[in-house]
Amino acid sequence: MKAEQAEELLSVARLAARVGVRPDTVRYYERVGLLPAPPRTSGDHRRYGTAAVDRLRFIRGTQMLGLRLSEIRELLAVRDTGVCPCEPAEDLLRRRLDELDAEMARLADLRWELAGMLDRFGPSGCPDPAPGTWRPPETPSATGEGR
């Protein structure tokens, strides 16, 4: 094999820089099993091939979609078998979309409540607080009563 055809092997720092993560992130992904342990030099330095670049880009892309590391691990396990991970990915993305919809609804309710509080301030400034309007009502277990 000619030198030009040999696969470029990357140190942790060079791999991290190429993908846009910190070297500690690369080591963490290796430690938790998302990235296979690479070969090491005689000086015990990691040397990653181009497959690691692709794998880290996949991990980063799925994280940007909001998938958790455990879910990414599932997709990688399917991907490593050579089978298209489309079906499991579709299931995960549908669940993630449902979670986002629920969170957006929660935030819309929170926004409505905050806007209502601001409307009550009006031109005269801050109104006297009505009992229970600025914090949740106390429960007997929270106050220590009923013990």
# chains A, B, ... in the order shown; residues from 1 in each chain; ligands from 1

call {"tool": "closest_atom_pairs", "arguments": {"of": "segment 49-89 of chain A", "to": "segment 9-32 of chain A", "cutoff": "12 Å", "atoms": "only C-alpha atoms", "output": "tab-separated table"}}
result
residue	atom	partner	partner_atom	distance
A:Gly49	CA	A:Leu9	CA	4.9
A:Thr50	CA	A:Leu9	CA	7.4
A:Ala51	CA	A:Leu9	CA	10.2
A:Ala52	CA	A:Leu15	CA	7.9
A:Val53	CA	A:Val19	CA	6.5
A:Asp54	CA	A:Val19	CA	8.7
A:Arg55	CA	A:Val19	CA	9.8
A:Leu56	CA	A:Val19	CA	6.8
A:Arg57	CA	A:Val19	CA	6.4
A:Phe58	CA	A:Val19	CA	10.1
A:Ile59	CA	A:Tyr29	CA	9.3
A:Arg60	CA	A:Val19	CA	8.5
A:Gly61	CA	A:Val19	CA	10.7
A:Leu69	CA	A:Val32	CA	9.2
A:Ser70	CA	A:Val32	CA	9.7
A:Ile72	CA	A:Tyr29	CA	11.0
A:Arg73	CA	A:Val32	CA	9.3

call {"tool": "select_by_dssp", "arguments": {"residues": "segment 36-111 of chain A", "states": "helix (DSSP H, G or I)", "output": "PDB file with C-alpha atoms, in the first residue's frame"}}
result
ATOM      1  CA  THR A  50     -11.804   8.435   9.541  1.00  0.00           C
ATOM      2  CA  ALA A  51     -14.677   6.198  10.690  1.00  0.00           C
ATOM      3  CA  ALA A  52     -14.443   7.933  14.075  1.00  0.00           C
ATOM      4  CA  VAL A  53     -14.970  11.308  12.372  1.00  0.00           C
ATOM      5  CA  ASP A  54     -18.158  10.029  10.717  1.00  0.00           C
ATOM      6  CA  ARG A  55     -19.374   8.433  13.941  1.00  0.00           C
ATOM      7  CA  LEU A  56     -18.806  11.583  15.994  1.00  0.00           C
ATOM      8  CA  ARG A  57     -20.593  13.680  13.384  1.00  0.00           C
ATOM      9  CA  PHE A  58     -23.526  11.257  13.579  1.00  0.00           C
ATOM     10  CA  ILE A  59     -23.550  11.538  17.375  1.00  0.00           C
ATOM     11  CA  ARG A  60     -23.401  15.340  17.270  1.00  0.00           C
ATOM     12  CA  GLY A  61     -26.142  15.517  14.638  1.00  0.00           C
ATOM     13  CA  THR A  62     -28.494  13.318  16.624  1.00  0.00           C
ATOM     14  CA  GLN A  63     -27.766  15.318  19.775  1.00  0.00           C
ATOM     15  CA  MET A  64     -28.749  18.482  17.917  1.00  0.00           C
ATOM     16  CA  LEU A  69     -27.083   9.442  24.621  1.00  0.00           C
ATOM     17  CA  SER A  70     -28.946   6.233  25.469  1.00  0.00           C
ATOM     18  CA  GLU A  71     -31.111   6.704  22.367  1.00  0.00           C
ATOM     19  CA  ILE A  72     -28.074   7.481  20.233  1.00  0.00           C
ATOM     20  CA  ARG A  73     -26.443   4.310  21.538  1.00  0.00           C
ATOM     21  CA  GLU A  74     -29.478   2.336  20.315  1.00  0.00           C
ATOM     22  CA  LEU A  75     -29.221   3.870  16.849  1.00  0.00           C
ATOM     23  CA  LEU A  76     -25.482   3.221  16.700  1.00  0.00           C
ATOM     24  CA  ALA A  77     -26.010  -0.418  17.677  1.00  0.00           C
ATOM     25  CA  VAL A  78     -28.419  -0.852  14.764  1.00  0.00           C
ATOM     26  CA  ARG A  79     -26.148   1.117  12.437  1.00  0.00           C
ATOM     27  CA  ASP A  80     -23.165  -1.064  13.434  1.00  0.00           C
ATOM     28  CA  CYS A  86     -34.351   4.399   9.690  1.00  0.00           C
ATOM     29  CA  GLU A  87     -37.159   2.580  11.503  1.00  0.00           C
ATOM     30  CA  PRO A  88     -35.710   2.951  15.009  1.00  0.00           C
ATOM     31  CA  ALA A  89     -34.715   6.529  14.158  1.00  0.00           C
ATOM     32  CA  GLU A  90     -38.255   7.315  13.039  1.00  0.00           C
ATOM     33  CA  ASP A  91     -39.660   5.977  16.332  1.00  0.00           C
ATOM     34  CA  LEU A  92     -37.167   8.006  18.375  1.00  0.00           C
ATOM     35  CA  LEU A  93     -37.808  11.171  16.383  1.00  0.00           C
ATOM     36  CA  ARG A  94     -41.582  10.801  16.714  1.00  0.00           C
ATOM     37  CA  ARG A  95     -41.222  10.439  20.492  1.00  0.00           C
ATOM     38  CA  ARG A  96     -38.895  13.448  20.588  1.00  0.00           C
ATOM     39  CA  LEU A  97     -41.402  15.490  18.558  1.00  0.00           C
ATOM     40  CA  ASP A  98     -44.163  14.552  21.030  1.00  0.00           C
ATOM     41  CA  GLU A  99     -41.909  15.661  23.906  1.00  0.00           C
ATOM     42  CA  LEU A 100     -41.222  18.970  22.160  1.00  0.00           C
ATOM     43  CA  ASP A 101     -44.925  19.546  21.536  1.00  0.00           C
ATOM     44  CA  ALA A 102     -45.681  18.931  25.221  1.00  0.00           C
ATOM     45  CA  GLU A 103     -42.876  21.262  26.313  1.00  0.00           C
ATOM     46  CA  MET A 104     -44.019  23.966  23.895  1.00  0.00           C
ATOM     47  CA  ALA A 105     -47.555  23.712  25.273  1.00  0.00           C
ATOM     48  CA  ARG A 106     -46.206  23.995  28.822  1.00  0.00           C
ATOM     49  CA  LEU A 107     -44.144  27.042  27.853  1.00  0.00           C
ATOM     50  CA  ALA A 108     -47.131  28.644  26.076  1.00  0.00           C
ATOM     51  CA  ASP A 109     -49.166  28.239  29.295  1.00  0.00           C
ATOM     52  CA  LEU A 110     -46.316  29.744  31.302  1.00  0.00           C
ATOM     53  CA  ARG A 111     -46.059  32.669  28.874  1.00  0.00           C
TER      54      ARG A 111
END

call {"tool": "atom_distance", "arguments": {"atom1": "atom CA of Leu114 of chain A", "atom2": "atom CA of Gly66 of chain A"}}
result
26.7 Å

call {"tool": "atom_distance", "arguments": {"atom1": "atom CA of Pro85 of chain A", "atom2": "atom CA of Leu65 of chain A"}}
result
15.4 Å

call {"tool": "select_by_dssp", "arguments": {"residues": "chain A", "states": "strand (DSSP E or B)", "output": "NGL selection string"}}
result
:A and (10 or 40 or 46 or 48)

call {"tool": "write_last_selection", "arguments": {"atoms": "N, CA and C atoms", "output": "PDB file, in the first residue's frame"}}
result
ATOM      1  N   LEU A  10      -5.723   9.976  13.557  1.00  0.00           N
ATOM      2  CA  LEU A  10      -5.836  11.244  14.262  1.00  0.00           C
ATOM      3  C   LEU A  10      -5.665  11.067  15.761  1.00  0.00           C
ATOM      4  N   ARG A  40      -3.892   2.003  19.837  1.00  0.00           N
ATOM      5  CA  ARG A  40      -2.988   2.931  20.536  1.00  0.00           C
ATOM      6  C   ARG A  40      -1.564   2.752  20.026  1.00  0.00           C
ATOM      7  N   ARG A  46      -4.002   7.357  21.797  1.00  0.00           N
ATOM      8  CA  ARG A  46      -5.090   6.925  20.915  1.00  0.00           C
ATOM      9  C   ARG A  46      -4.831   7.433  19.498  1.00  0.00           C
ATOM     10  N   TYR A  48      -7.230   7.572  16.021  1.00  0.00           N
ATOM     11  CA  TYR A  48      -8.544   7.342  15.436  1.00  0.00           C
ATOM     12  C   TYR A  48      -8.480   7.425  13.922  1.00  0.00           C
TER      13      TYR A  48
END

call {"tool": "atom_distance", "arguments": {"atom1": "atom CA of Cys84 of chain A", "atom2": "atom CA of Leu35 of chain A"}}
result
18.7 Å
